[in-house]
file upload-v3.txt (compact mmCIF, C-alpha atoms and all ligand atoms)
# COMPACT_ATOMS: atom_id res chain seq x y z
CA MET A 127 138.78 111.99 152.17
CA ARG A 128 135.92 113.90 150.52
CA HIS A 129 136.62 117.46 149.36
CA THR A 130 133.93 118.01 146.76
CA PRO A 131 130.38 117.22 147.85
CA ASP A 132 129.02 114.07 146.24
CA PRO A 133 125.79 114.25 144.30
CA GLY A 134 124.52 111.33 146.40
CA PRO A 135 123.32 111.03 150.00
CA ARG A 136 124.86 113.18 152.73
CA ARG A 137 125.38 111.97 156.27
CA LEU A 138 124.14 114.25 159.03
CA GLY A 139 127.28 115.14 160.94
CA SER A 140 129.02 112.13 162.44
CA SER A 141 125.77 110.15 162.62
CA ASP A 142 124.84 107.18 160.45
CA VAL A 143 121.74 108.99 159.18
CA ALA A 144 121.98 109.80 155.47
CA VAL A 145 119.73 112.22 153.59
CA GLY A 146 119.28 113.12 149.95
CA PRO A 147 121.38 116.02 148.60
CA ILE A 148 118.32 118.30 148.50
CA ALA A 149 115.73 118.60 151.26
CA TYR A 150 112.07 119.63 151.30
CA GLY A 151 110.84 122.35 153.66
CA CYS A 152 107.38 123.01 155.08
CA TRP A 153 107.53 126.70 156.00
CA ARG A 154 104.90 127.54 153.36
CA PHE A 155 103.07 124.22 153.73
CA ALA A 156 100.09 125.03 155.98
CA GLY A 157 96.77 126.03 154.50
CA THR A 158 96.01 123.35 151.92
CA GLY A 159 94.08 120.10 152.05
CA VAL A 160 95.64 116.76 152.95
CA GLU A 161 95.51 115.47 149.38
CA ALA A 162 97.57 118.34 147.97
CA ALA A 163 99.96 118.15 150.91
CA THR A 164 100.41 114.40 150.45
CA ALA A 165 101.23 114.92 146.77
CA LYS A 166 104.02 117.38 147.67
CA ILE A 167 105.57 115.14 150.33
CA GLY A 168 105.25 112.02 148.17
CA THR A 169 106.82 113.77 145.20
CA ALA A 170 109.68 115.17 147.27
CA LEU A 171 110.45 111.67 148.61
CA ASP A 172 110.18 110.14 145.14
CA CYS A 173 112.70 112.76 143.97
CA GLY A 174 115.19 111.83 146.69
CA MET A 175 114.43 114.78 148.99
CA THR A 176 114.40 112.51 152.00
CA LEU A 177 114.93 115.16 154.68
CA VAL A 178 111.60 116.85 155.39
CA ASP A 179 112.04 119.98 157.48
CA THR A 180 109.29 121.65 159.48
CA ALA A 181 108.94 123.68 162.70
CA ASP A 182 106.34 124.30 165.37
CA ILE A 183 106.12 127.97 164.34
CA TYR A 184 105.36 127.23 160.65
CA GLY A 185 101.85 128.39 159.93
CA PHE A 186 101.95 131.13 162.59
CA ASP A 187 100.73 134.41 161.10
CA GLY A 188 101.43 136.72 164.01
CA SER A 189 98.28 135.89 165.91
CA GLY A 190 97.33 132.26 165.27
CA GLY A 191 98.34 129.19 163.34
CA PHE A 192 101.18 128.04 165.60
CA GLY A 193 101.71 124.34 164.87
CA ASP A 194 99.57 124.30 161.72
CA ALA A 195 102.30 123.03 159.37
CA GLU A 196 103.09 120.19 161.79
CA VAL A 197 99.40 119.33 162.11
CA LEU A 198 99.06 119.14 158.31
CA LEU A 199 102.18 116.99 158.00
CA GLY A 200 100.77 114.80 160.78
CA ARG A 201 97.58 114.34 158.75
CA VAL A 202 99.64 113.41 155.71
CA LEU A 203 101.50 110.78 157.75
CA ALA A 204 98.30 109.47 159.32
CA GLY A 205 96.77 109.01 155.86
CA SER A 206 99.92 107.51 154.29
CA PRO A 207 101.92 105.88 157.09
CA ASP A 208 104.45 104.42 154.63
CA LEU A 209 105.79 107.96 154.02
CA ARG A 210 107.13 108.19 157.58
CA ASP A 211 109.57 105.32 157.01
CA ARG A 212 110.84 106.93 153.81
CA MET A 213 111.75 110.28 155.37
CA VAL A 214 114.21 111.77 157.79
CA LEU A 215 111.76 113.92 159.74
CA ALA A 216 113.13 117.17 161.13
CA THR A 217 111.39 119.82 163.18
CA LYS A 218 112.37 122.81 165.29
CA GLY A 219 111.37 124.59 168.44
CA GLY A 220 112.52 127.40 170.67
CA ILE A 221 110.72 130.36 169.10
CA ARG A 222 107.96 131.35 171.50
CA PRO A 223 105.59 134.03 170.20
CA GLY A 224 105.54 137.04 172.48
CA VAL A 225 108.82 136.14 174.27
CA PRO A 226 110.31 135.64 171.54
CA TYR A 227 112.93 132.90 172.21
CA ASP A 228 112.91 130.32 174.99
CA GLN A 229 115.28 127.40 175.30
CA SER A 230 114.85 126.81 178.99
CA GLY A 231 114.70 123.09 179.72
CA ASP A 232 111.02 123.09 180.66
CA TYR A 233 109.88 125.06 177.62
CA LEU A 234 111.96 123.25 175.00
CA THR A 235 111.05 119.83 176.35
CA THR A 236 107.36 120.66 176.24
CA ALA A 237 107.77 122.19 172.76
CA CYS A 238 109.33 118.97 171.48
CA GLU A 239 106.61 116.82 173.07
CA ASP A 240 103.94 119.08 171.51
CA SER A 241 105.59 118.78 168.08
CA LEU A 242 105.53 114.97 168.29
CA ARG A 243 101.88 115.05 169.26
CA ARG A 244 100.96 117.31 166.32
CA LEU A 245 103.00 115.19 163.92
CA GLY A 246 101.48 112.01 165.35
CA VAL A 247 104.87 110.33 165.68
CA GLU A 248 106.77 108.73 168.55
CA HIS A 249 109.99 110.45 167.60
CA VAL A 250 111.49 112.79 165.02
CA ASP A 251 114.86 112.12 163.44
CA LEU A 252 116.27 115.61 163.94
CA TYR A 253 115.20 118.18 166.53
CA GLN A 254 116.62 121.64 165.89
CA VAL A 255 116.82 124.75 168.03
CA HIS A 256 115.22 127.30 165.72
CA ARG A 257 116.95 130.52 166.83
CA PRO A 258 119.34 131.12 169.71
CA ASP A 259 117.96 132.14 173.10
CA VAL A 260 121.10 133.81 174.40
CA LEU A 261 119.63 133.84 177.90
CA THR A 262 119.88 130.05 178.14
CA HIS A 263 123.34 128.84 179.12
CA PRO A 264 124.65 126.45 176.46
CA GLU A 265 125.32 123.83 179.14
CA GLU A 266 121.63 123.86 180.10
CA LEU A 267 120.59 123.70 176.43
CA ALA A 268 122.98 120.80 175.80
CA GLY A 269 121.51 118.95 178.79
CA THR A 270 117.98 119.46 177.49
CA LEU A 271 118.89 118.27 173.99
CA ARG A 272 120.69 115.21 175.38
CA SER A 273 117.67 114.34 177.44
CA LEU A 274 115.42 114.53 174.34
CA VAL A 275 117.75 112.01 172.68
CA ASP A 276 117.98 109.83 175.80
CA ARG A 277 114.18 109.72 176.08
CA GLY A 278 113.92 108.65 172.43
CA LEU A 279 112.00 111.76 171.36
CA THR A 280 114.59 112.54 168.67
CA ARG A 281 117.47 110.59 167.20
CA LEU A 282 119.65 113.63 166.49
CA VAL A 283 119.89 117.31 167.37
CA GLY A 284 120.88 120.45 165.48
CA VAL A 285 120.67 124.23 165.53
CA SER A 286 119.47 126.95 163.19
CA ASN A 287 120.39 130.62 162.81
CA PHE A 288 123.24 130.13 165.29
CA THR A 289 126.41 132.14 164.68
CA PRO A 290 129.62 130.10 164.61
CA SER A 291 130.38 131.24 168.16
CA HIS A 292 126.93 130.23 169.42
CA THR A 293 127.45 126.85 167.76
CA ARG A 294 130.93 126.42 169.22
CA SER A 295 129.76 127.20 172.73
CA LEU A 296 126.95 124.66 172.45
CA ARG A 297 129.28 122.13 170.82
CA ALA A 298 131.63 122.49 173.79
CA HIS A 299 128.90 120.73 175.82
CA LEU A 300 127.39 118.49 173.14
CA GLY A 301 130.42 117.47 171.06
CA ASP A 302 129.64 115.43 167.97
CA ALA A 303 126.06 114.91 169.15
CA LEU A 304 125.37 118.23 167.42
CA VAL A 305 125.01 117.15 163.79
CA THR A 306 123.47 120.03 161.82
CA THR A 307 123.28 123.78 161.57
CA GLN A 308 120.66 125.56 159.46
CA PRO A 309 121.69 129.01 158.21
CA GLU A 310 120.19 131.05 155.40
CA TRP A 311 122.55 130.40 152.44
CA SER A 312 122.05 131.36 148.83
CA ALA A 313 123.65 133.39 146.07
CA LEU A 314 121.93 136.39 147.66
CA CYS A 315 122.74 135.55 151.29
CA LEU A 316 126.48 135.05 151.69
CA ASP A 317 126.56 135.25 155.49
CA PRO A 318 127.60 131.61 156.11
CA LEU A 319 130.55 132.09 153.78
CA ASP A 320 131.58 135.36 155.41
CA ASP A 321 130.83 134.72 159.08
CA GLY A 322 132.67 131.38 159.31
CA THR A 323 129.63 129.08 159.49
CA LEU A 324 130.73 127.00 156.49
CA ASP A 325 134.30 126.89 157.83
CA LEU A 326 132.99 125.63 161.16
CA CYS A 327 131.17 122.89 159.23
CA THR A 328 134.28 121.78 157.37
CA GLU A 329 136.25 121.92 160.64
CA THR A 330 133.81 119.89 162.73
CA GLY A 331 131.82 117.82 160.24
CA VAL A 332 128.54 119.49 161.24
CA THR A 333 126.22 119.36 158.19
CA PRO A 334 124.85 122.69 156.94
CA LEU A 335 121.20 122.68 155.88
CA ALA A 336 120.66 125.79 153.72
CA TRP A 337 117.36 127.58 154.20
CA SER A 338 115.79 129.71 151.44
CA PRO A 339 118.39 128.57 148.87
CA LEU A 340 116.46 130.46 146.16
CA ALA A 341 116.34 133.51 148.46
CA GLY A 342 112.67 132.79 149.09
CA GLY A 343 111.98 133.04 145.35
CA ARG A 344 113.83 136.34 144.73
CA LEU A 345 116.36 134.50 142.57
CA VAL A 346 113.65 133.13 140.34
CA SER A 347 111.08 135.91 140.29
CA ALA A 348 113.61 138.75 140.26
CA THR A 349 112.33 142.05 141.63
CA PRO A 350 112.55 144.66 138.88
CA GLY A 351 114.97 147.44 139.78
CA ASP A 352 117.10 145.40 142.18
CA GLU A 353 120.54 145.68 140.61
CA ARG A 354 122.18 143.03 142.75
CA VAL A 355 119.51 140.47 141.96
CA ALA A 356 119.70 141.40 138.26
CA ARG A 357 123.49 140.83 138.21
CA VAL A 358 123.22 137.43 139.89
CA VAL A 359 120.31 136.33 137.73
CA GLU A 360 122.19 137.22 134.54
CA VAL A 361 125.07 134.93 135.49
CA LEU A 362 122.73 132.16 136.67
CA ASP A 363 120.89 132.31 133.34
CA ASP A 364 124.18 132.00 131.45
CA LEU A 365 125.13 128.94 133.47
CA ALA A 366 121.64 127.47 133.15
CA ALA A 367 122.00 127.62 129.35
CA VAL A 368 125.42 125.95 129.53
CA HIS A 369 124.15 123.12 131.75
CA GLY A 370 120.78 122.75 130.02
CA VAL A 371 118.75 123.33 133.19
CA ASP A 372 116.73 126.23 134.57
CA ARG A 373 117.93 129.12 136.69
CA ALA A 374 116.51 127.75 139.95
CA THR A 375 118.38 124.49 139.46
CA VAL A 376 121.73 126.29 138.99
CA ALA A 377 121.04 128.48 142.01
CA LEU A 378 120.52 125.37 144.15
CA ALA A 379 123.59 123.67 142.77
CA TRP A 380 125.61 126.79 143.67
CA THR A 381 124.80 126.39 147.38
CA SER A 382 125.88 122.74 147.33
CA THR A 383 129.20 123.26 145.59
CA HIS A 384 131.08 124.57 148.63
CA PRO A 385 133.00 121.70 150.28
CA ALA A 386 130.98 122.05 153.48
CA GLY A 387 128.40 120.00 151.55
CA ALA A 388 125.29 122.03 152.26
CA VAL A 389 121.91 120.40 151.78
CA PRO A 390 119.59 123.09 150.35
CA ILE A 391 116.02 122.99 151.69
CA VAL A 392 113.62 123.95 148.93
CA GLY A 393 110.25 125.44 149.75
CA THR A 394 108.19 125.40 146.55
CA GLN A 395 104.57 124.35 146.94
CA ARG A 396 104.34 123.23 143.32
CA VAL A 397 104.78 119.56 142.54
CA ASP A 398 106.20 120.28 139.06
CA ARG A 399 108.87 122.52 140.60
CA ILE A 400 109.79 119.91 143.21
CA VAL A 401 110.50 117.54 140.32
CA SER A 402 112.55 120.02 138.29
CA LEU A 403 114.61 121.19 141.28
CA ALA A 404 115.70 117.62 141.99
CA ALA A 405 117.94 117.90 138.90
CA ALA A 406 120.22 120.24 140.87
CA ALA A 407 121.82 117.22 142.51
CA GLN A 408 123.35 116.29 139.14
CA VAL A 409 124.71 119.76 138.23
CA ARG A 410 128.39 120.33 138.96
CA LEU A 411 129.66 123.89 138.69
CA ASP A 412 133.35 124.40 138.04
CA ARG A 413 135.46 126.98 139.89
CA THR A 414 135.09 129.67 137.24
CA GLU A 415 131.32 129.27 137.16
CA TRP A 416 130.99 129.29 140.94
CA TYR A 417 133.17 132.38 141.37
CA ARG A 418 131.28 134.22 138.63
CA VAL A 419 128.11 133.97 140.72
CA LEU A 420 129.98 135.06 143.85
CA ALA A 421 131.46 138.10 142.08
CA ALA A 422 128.03 139.08 140.74
CA SER A 423 126.54 138.82 144.24
CA ARG A 424 129.33 140.89 145.82
CA GLY A 425 129.10 143.44 143.01
CA VAL A 426 132.85 143.87 142.80
CA PRO A 427 135.49 141.94 140.87
CA LEU A 428 137.07 139.32 143.12
CA PRO A 429 140.59 140.37 144.11
N1 LIG A 501 115.54 127.94 159.96
C1 LIG A 501 114.90 129.02 159.57
O1 LIG A 501 114.86 130.05 160.27
C2 LIG A 501 114.20 128.99 158.25
C3 LIG A 501 113.68 130.17 157.69
C4 LIG A 501 113.06 130.09 156.45
C5 LIG A 501 112.97 128.86 155.80
N2 LIG A 501 113.47 127.73 156.38
C6 LIG A 501 113.40 126.40 155.74
O2 LIG A 501 113.77 126.53 154.38
C7 LIG A 501 112.72 126.04 153.57
C8 LIG A 501 112.70 126.73 152.25
O3 LIG A 501 112.48 128.13 152.42
P1 LIG A 501 111.85 128.96 151.22
O4 LIG A 501 110.50 128.48 150.93
O5 LIG A 501 112.08 130.39 151.50
O6 LIG A 501 112.86 128.46 150.04
P2 LIG A 501 113.14 128.86 148.55
O7 LIG A 501 113.18 127.55 147.83
O8 LIG A 501 114.31 129.77 148.53
O9 LIG A 501 111.88 129.71 148.05
C9 LIG A 501 110.67 129.11 147.72
C10 LIG A 501 109.78 130.19 147.15
O10 LIG A 501 110.22 130.49 145.84
C11 LIG A 501 109.11 130.46 144.96
N3 LIG A 501 109.50 130.14 143.58
C12 LIG A 501 109.27 130.93 142.51
N4 LIG A 501 109.72 130.36 141.40
C13 LIG A 501 110.24 129.17 141.73
C14 LIG A 501 110.86 128.12 141.00
N5 LIG A 501 111.04 128.18 139.69
N6 LIG A 501 111.29 127.06 141.68
C15 LIG A 501 111.12 126.99 143.01
N7 LIG A 501 110.55 127.96 143.77
C16 LIG A 501 110.10 129.04 143.14
C17 LIG A 501 108.20 129.43 145.56
O11 LIG A 501 106.89 129.66 145.07
P3 LIG A 501 105.98 128.39 144.62
O12 LIG A 501 105.57 127.71 145.87
O13 LIG A 501 104.85 129.08 143.91
O14 LIG A 501 106.81 127.55 143.70
C18 LIG A 501 108.33 129.73 147.05
O15 LIG A 501 107.48 130.80 147.42
C19 LIG A 501 111.47 126.25 154.43
O16 LIG A 501 110.36 125.48 154.02
C20 LIG A 501 111.98 125.84 155.77
O17 LIG A 501 112.03 124.43 155.88
C21 LIG A 501 114.08 127.79 157.59
call {"tool": "encode", "arguments": {"input": "upload-v3.txt", "output": "structure tokens"}}
result
Amino acid sequence: MRHTPDPGPRRLGSSDVAVGPIAYGCWRFAGTGVEAATAKIGTALDCGMTLVDTADIYGFDGSGGFGDAEVLLGRVLAGSPDLRDRMVLATKGGIRPGVPYDQSGDYLTTACEDSLRRLGVEHVDLYQVHRPDVLTHPEELAGTLRSLVDRGLTRLVGVSNFTPSHTRSLRAHLGDALVTTQPEWSALCLDPLDDGTLDLCTETGVTPLAWSPLAGGRLVSATPGDERVARVVEVLDDLAAVHGVDRATVALAWTSTHPAGAVPIVGTQRVDRIVSLAAAAQVRLDRTEWYRVLAASRGVPLP
């Protein structure tokens, strides 16, 4: 039985699909040329970041750009078809600008079909519900997700930004077919630790994919005057010196150390940073080190 996450591949839930211990995310991906985009995806895959996470909404700026990140990734795959076989391709749907959430069967099915068309693929490996639409009964949502799998549009399904109770109610209808959950999780966002998300993962085997593991960059480009960030950064820098890596690498390793085995999804658009962050998979923090970061984030000594 595994209690401490391995530095190697992680299986997605109870499936036989394995991914690297760090994933690459495309939230900030839209807006460059295909050559630059191909270099990022190729580097991420070379570094073992085999899960590539995108969403239909990535690229949307409030008025336009819906689907742009998927279109760009689709161009990358069209130009370098070998990359598709090397990745576990994940996307998301269910945020509908102006609504704002819609997981009705008709909408989500069309959203998934549209994502495949933009990506230029016959199927994705993981289709995730981006944010909960509490007006869709979980039984209906489960039926829709099962039908996407049955039709071969996705191999696996997951959720994102679901509370543990949302996840449980969906799981009651999907069982182990629900393989991932994607919460925000970092040394500055402790919600999954406090709200039971990580406990639900250890209980059920659902794999947590951690979004914004560097707090969207706040852990690396600390905002002057933010005392909480300053406290956390001071401890991360101490640990970085001990382990001979940089602060970002330690911050990533911190998210993976919990036994739920989170896979952090990094979002840098710089190829050199993709390479350096990959080292996080080799960094093991001991209990004292891990709890030092937690205490700094909470701002009180741990009882
Ligand atoms: N499910 C959801 O609702 C949700 C929401 C948000 C994100 N996500 C997923 O999570 C992924 C990652 O999110 P994120 O981009 O916020 O993650 P992140 O890795 O926490 O932050 C990346 C940001 O930090 C900056 N940064 C500054 N110094 C850095 C350094 N030394 N190393 C690395 N990055 C540095 C990057 O800038 P540079 O590009 O200049 O390096 C980039 O702007 C997304 O792409 C998406 O797949 C999901």
call {"tool": "residues_near_ligand", "arguments": {"input": "upload-v3.txt", "ligand": "ligand LIG 501 (chain A)", "cutoff": "6 Å", "atoms": "all atoms listed in the file", "output": "ChimeraX atom specification"}}
result
/A:151-154,179-180,256,286,308,337-343,346-347,374,391-396,399
call {"tool": "atom_distance", "arguments": {"input": "upload-v3.txt", "atom1": "atom CA of Val376 of chain A", "atom2": "atom CA of Leu362 of chain A"}}
result
6.4 Å
call {"tool": "closest_residue", "arguments": {"input": "upload-v3.txt", "among": "A:Arg244, A:Arg136, A:Arg410, A:Arg210", "to": "Ala181 of chain A", "atoms": "only C-alpha atoms"}}
result
A:Arg244
call {"tool": "closest_residue", "arguments": {"input": "upload-v3.txt", "among": "A:Ala421, A:Leu378, A:Ala313, A:Leu261", "to": "Ser402 of chain A", "atoms": "only C-alpha atoms"}}
result
A:Leu378
call {"tool": "closest_residue", "arguments": {"input": "upload-v3.txt", "among": "A:Leu138, A:Gly322, A:Ala336, A:Pro147", "to": "Arg281 of chain A", "atoms": "only C-alpha atoms"}}
result
A:Leu138
call {"tool": "atom_distance", "arguments": {"input": "upload-v3.txt", "atom1": "atom CA of Ala422 of chain A", "atom2": "atom CA of Val409 of chain A"}}
result
19.8 Å
call {"tool": "residues_near_point", "arguments": {"input": "upload-v3.txt", "point": "(122.6, 130.9, 162.4)", "cutoff": "10 Å", "atoms": "all atoms listed in the file", "output": "compact mmCIF listing (two decimals) with C-alpha atoms, in the frame of the given file"}}
result
# COMPACT_ATOMS: atom_id res chain seq x y z
CA HIS A 256 115.22 127.30 165.72
CA ARG A 257 116.95 130.52 166.83
CA PRO A 258 119.34 131.12 169.71
CA VAL A 285 120.67 124.23 165.53
CA SER A 286 119.47 126.95 163.19
CA ASN A 287 120.39 130.62 162.81
CA PHE A 288 123.24 130.13 165.29
CA THR A 289 126.41 132.14 164.68
CA PRO A 290 129.62 130.10 164.61
CA SER A 291 130.38 131.24 168.16
CA HIS A 292 126.93 130.23 169.42
CA THR A 293 127.45 126.85 167.76
CA THR A 307 123.28 123.78 161.57
CA GLN A 308 120.66 125.56 159.46
CA PRO A 309 121.69 129.01 158.21
CA GLU A 310 120.19 131.05 155.40
CA TRP A 311 122.55 130.40 152.44
CA ASP A 317 126.56 135.25 155.49
CA PRO A 318 127.60 131.61 156.11
CA ASP A 321 130.83 134.72 159.08
CA THR A 323 129.63 129.08 159.49
call {"tool": "atom_distance", "arguments": {"input": "upload-v3.txt", "atom1": "atom CA of Leu279 of chain A", "atom2": "atom CA of Leu252 of chain A"}}
result
9.4 Å
call {"tool": "closest_residue", "arguments": {"input": "upload-v3.txt", "among": "A:Asp276, A:Ser141, A:Ser189, A:Ser206", "to": "Thr164 of chain A", "atoms": "only C-alpha atoms"}}
result
A:Ser206
call {"tool": "residues_around", "arguments": {"input": "upload-v3.txt", "residues": "Ile183 of chain A", "least_positions_apart": "3", "cutoff": "7 Å", "atoms": "all atoms listed in the file", "output": "ChimeraX atom specification"}}
result
/A:186,192-193
call {"tool": "residues_around", "arguments": {"input": "upload-v3.txt", "residues": "segment 354-359 of chain A", "least_positions_apart": "4", "cutoff": "8 Å", "atoms": "all atoms listed in the file", "output": "PyMOL selection string"}}
result
chain A and resi 313-314+344-346+348-350+363+373+419+422-423+425
call {"tool": "closest_residue", "arguments": {"input": "upload-v3.txt", "among": "A:Met175, A:Val305, A:Asp240, A:Trp380", "to": "Asp142 of chain A", "atoms": "all atoms listed in the file"}}
result
A:Val305
call {"tool": "closest_residue", "arguments": {"input": "upload-v3.txt", "among": "A:Leu300, A:Leu245, A:Val214, A:Leu177", "to": "Arg201 of chain A", "atoms": "all atoms listed in the file"}}
result
A:Leu245
call {"tool": "residues_near_point", "arguments": {"input": "upload-v3.txt", "point": "(117.8, 118.6, 134.5)", "cutoff": "10 Å", "atoms": "all atoms listed in the file", "output": "ChimeraX atom specification"}}
result
/A:366,369-372,375-376,401-409
call {"tool": "decode", "arguments": {"input": "upload-v3.txt", "residues": "segment 373-391 of chain A", "atoms": "N, CA, C and O atoms", "output": "PDB file, in the first residue's frame"}}
result
ATOM      1  N   ARG A 373      13.008  28.322  -5.338  1.00  0.00           N
ATOM      2  CA  ARG A 373      11.803  28.432  -4.508  1.00  0.00           C
ATOM      3  C   ARG A 373      10.578  27.795  -5.176  1.00  0.00           C
ATOM      4  O   ARG A 373       9.778  27.102  -4.517  1.00  0.00           O
ATOM      5  N   ALA A 374      10.436  28.026  -6.491  1.00  0.00           N
ATOM      6  CA  ALA A 374       9.265  27.497  -7.198  1.00  0.00           C
ATOM      7  C   ALA A 374       9.241  25.971  -7.117  1.00  0.00           C
ATOM      8  O   ALA A 374       8.182  25.356  -6.946  1.00  0.00           O
ATOM      9  N   THR A 375      10.415  25.378  -7.209  1.00  0.00           N
ATOM     10  CA  THR A 375      10.506  23.918  -7.192  1.00  0.00           C
ATOM     11  C   THR A 375      10.050  23.371  -5.837  1.00  0.00           C
ATOM     12  O   THR A 375       9.306  22.386  -5.758  1.00  0.00           O
ATOM     13  N   VAL A 376      10.488  24.026  -4.748  1.00  0.00           N
ATOM     14  CA  VAL A 376      10.063  23.584  -3.410  1.00  0.00           C
ATOM     15  C   VAL A 376       8.558  23.779  -3.241  1.00  0.00           C
ATOM     16  O   VAL A 376       7.861  22.928  -2.673  1.00  0.00           O
ATOM     17  N   ALA A 377       8.052  24.896  -3.750  1.00  0.00           N
ATOM     18  CA  ALA A 377       6.617  25.162  -3.609  1.00  0.00           C
ATOM     19  C   ALA A 377       5.795  24.085  -4.312  1.00  0.00           C
ATOM     20  O   ALA A 377       4.764  23.647  -3.802  1.00  0.00           O
ATOM     21  N   LEU A 378       6.265  23.630  -5.458  1.00  0.00           N
ATOM     22  CA  LEU A 378       5.569  22.542  -6.168  1.00  0.00           C
ATOM     23  C   LEU A 378       5.646  21.246  -5.390  1.00  0.00           C
ATOM     24  O   LEU A 378       4.652  20.533  -5.229  1.00  0.00           O
ATOM     25  N   ALA A 379       6.864  20.954  -4.911  1.00  0.00           N
ATOM     26  CA  ALA A 379       7.060  19.708  -4.164  1.00  0.00           C
ATOM     27  C   ALA A 379       6.149  19.685  -2.937  1.00  0.00           C
ATOM     28  O   ALA A 379       5.638  18.632  -2.545  1.00  0.00           O
ATOM     29  N   TRP A 380       5.917  20.854  -2.335  1.00  0.00           N
ATOM     30  CA  TRP A 380       5.062  20.932  -1.136  1.00  0.00           C
ATOM     31  C   TRP A 380       3.654  20.408  -1.447  1.00  0.00           C
ATOM     32  O   TRP A 380       3.073  19.664  -0.664  1.00  0.00           O
ATOM     33  N   THR A 381       3.122  20.778  -2.621  1.00  0.00           N
ATOM     34  CA  THR A 381       1.748  20.348  -2.939  1.00  0.00           C
ATOM     35  C   THR A 381       1.664  18.838  -3.155  1.00  0.00           C
ATOM     36  O   THR A 381       0.621  18.237  -2.952  1.00  0.00           O
ATOM     37  N   SER A 382       2.781  18.240  -3.580  1.00  0.00           N
ATOM     38  CA  SER A 382       2.759  16.806  -3.903  1.00  0.00           C
ATOM     39  C   SER A 382       3.037  15.919  -2.707  1.00  0.00           C
ATOM     40  O   SER A 382       2.919  14.701  -2.823  1.00  0.00           O
ATOM     41  N   THR A 383       3.447  16.518  -1.596  1.00  0.00           N
ATOM     42  CA  THR A 383       3.908  15.706  -0.470  1.00  0.00           C
ATOM     43  C   THR A 383       2.756  15.081   0.313  1.00  0.00           C
ATOM     44  O   THR A 383       2.914  14.032   0.918  1.00  0.00           O
ATOM     45  N   HIS A 384       1.588  15.706   0.288  1.00  0.00           N
ATOM     46  CA  HIS A 384       0.432  15.131   0.979  1.00  0.00           C
ATOM     47  C   HIS A 384       0.112  13.758   0.366  1.00  0.00           C
ATOM     48  O   HIS A 384       0.215  13.579  -0.858  1.00  0.00           O
ATOM     49  N   PRO A 385      -0.268  12.785   1.216  1.00  0.00           N
ATOM     50  CA  PRO A 385      -0.481  11.430   0.681  1.00  0.00           C
ATOM     51  C   PRO A 385      -1.590  11.294  -0.343  1.00  0.00           C
ATOM     52  O   PRO A 385      -1.690  10.244  -1.000  1.00  0.00           O
ATOM     53  N   ALA A 386      -2.407  12.323  -0.530  1.00  0.00           N
ATOM     54  CA  ALA A 386      -3.410  12.237  -1.608  1.00  0.00           C
ATOM     55  C   ALA A 386      -2.737  12.164  -2.973  1.00  0.00           C
ATOM     56  O   ALA A 386      -3.360  11.768  -3.955  1.00  0.00           O
ATOM     57  N   GLY A 387      -1.438  12.544  -3.041  1.00  0.00           N
ATOM     58  CA  GLY A 387      -0.693  12.385  -4.291  1.00  0.00           C
ATOM     59  C   GLY A 387      -1.109  13.363  -5.373  1.00  0.00           C
ATOM     60  O   GLY A 387      -1.297  12.976  -6.533  1.00  0.00           O
ATOM     61  N   ALA A 388      -1.211  14.638  -4.996  1.00  0.00           N
ATOM     62  CA  ALA A 388      -1.646  15.634  -5.988  1.00  0.00           C
ATOM     63  C   ALA A 388      -0.636  15.763  -7.124  1.00  0.00           C
ATOM     64  O   ALA A 388       0.575  15.659  -6.921  1.00  0.00           O
ATOM     65  N   VAL A 389      -1.163  15.996  -8.305  1.00  0.00           N
ATOM     66  CA  VAL A 389      -0.342  16.296  -9.479  1.00  0.00           C
ATOM     67  C   VAL A 389      -0.480  17.803  -9.722  1.00  0.00           C
ATOM     68  O   VAL A 389      -1.541  18.264 -10.150  1.00  0.00           O
ATOM     69  N   PRO A 390       0.568  18.594  -9.415  1.00  0.00           N
ATOM     70  CA  PRO A 390       0.462  20.035  -9.656  1.00  0.00           C
ATOM     71  C   PRO A 390       0.492  20.349 -11.145  1.00  0.00           C
ATOM     72  O   PRO A 390       1.288  19.760 -11.889  1.00  0.00           O
ATOM     73  N   ILE A 391      -0.367  21.271 -11.567  1.00  0.00           N
ATOM     74  CA  ILE A 391      -0.409  21.695 -12.980  1.00  0.00           C
ATOM     75  C   ILE A 391       0.274  23.046 -13.070  1.00  0.00           C
ATOM     76  O   ILE A 391      -0.250  24.048 -12.572  1.00  0.00           O
TER      77      ILE A 391
END
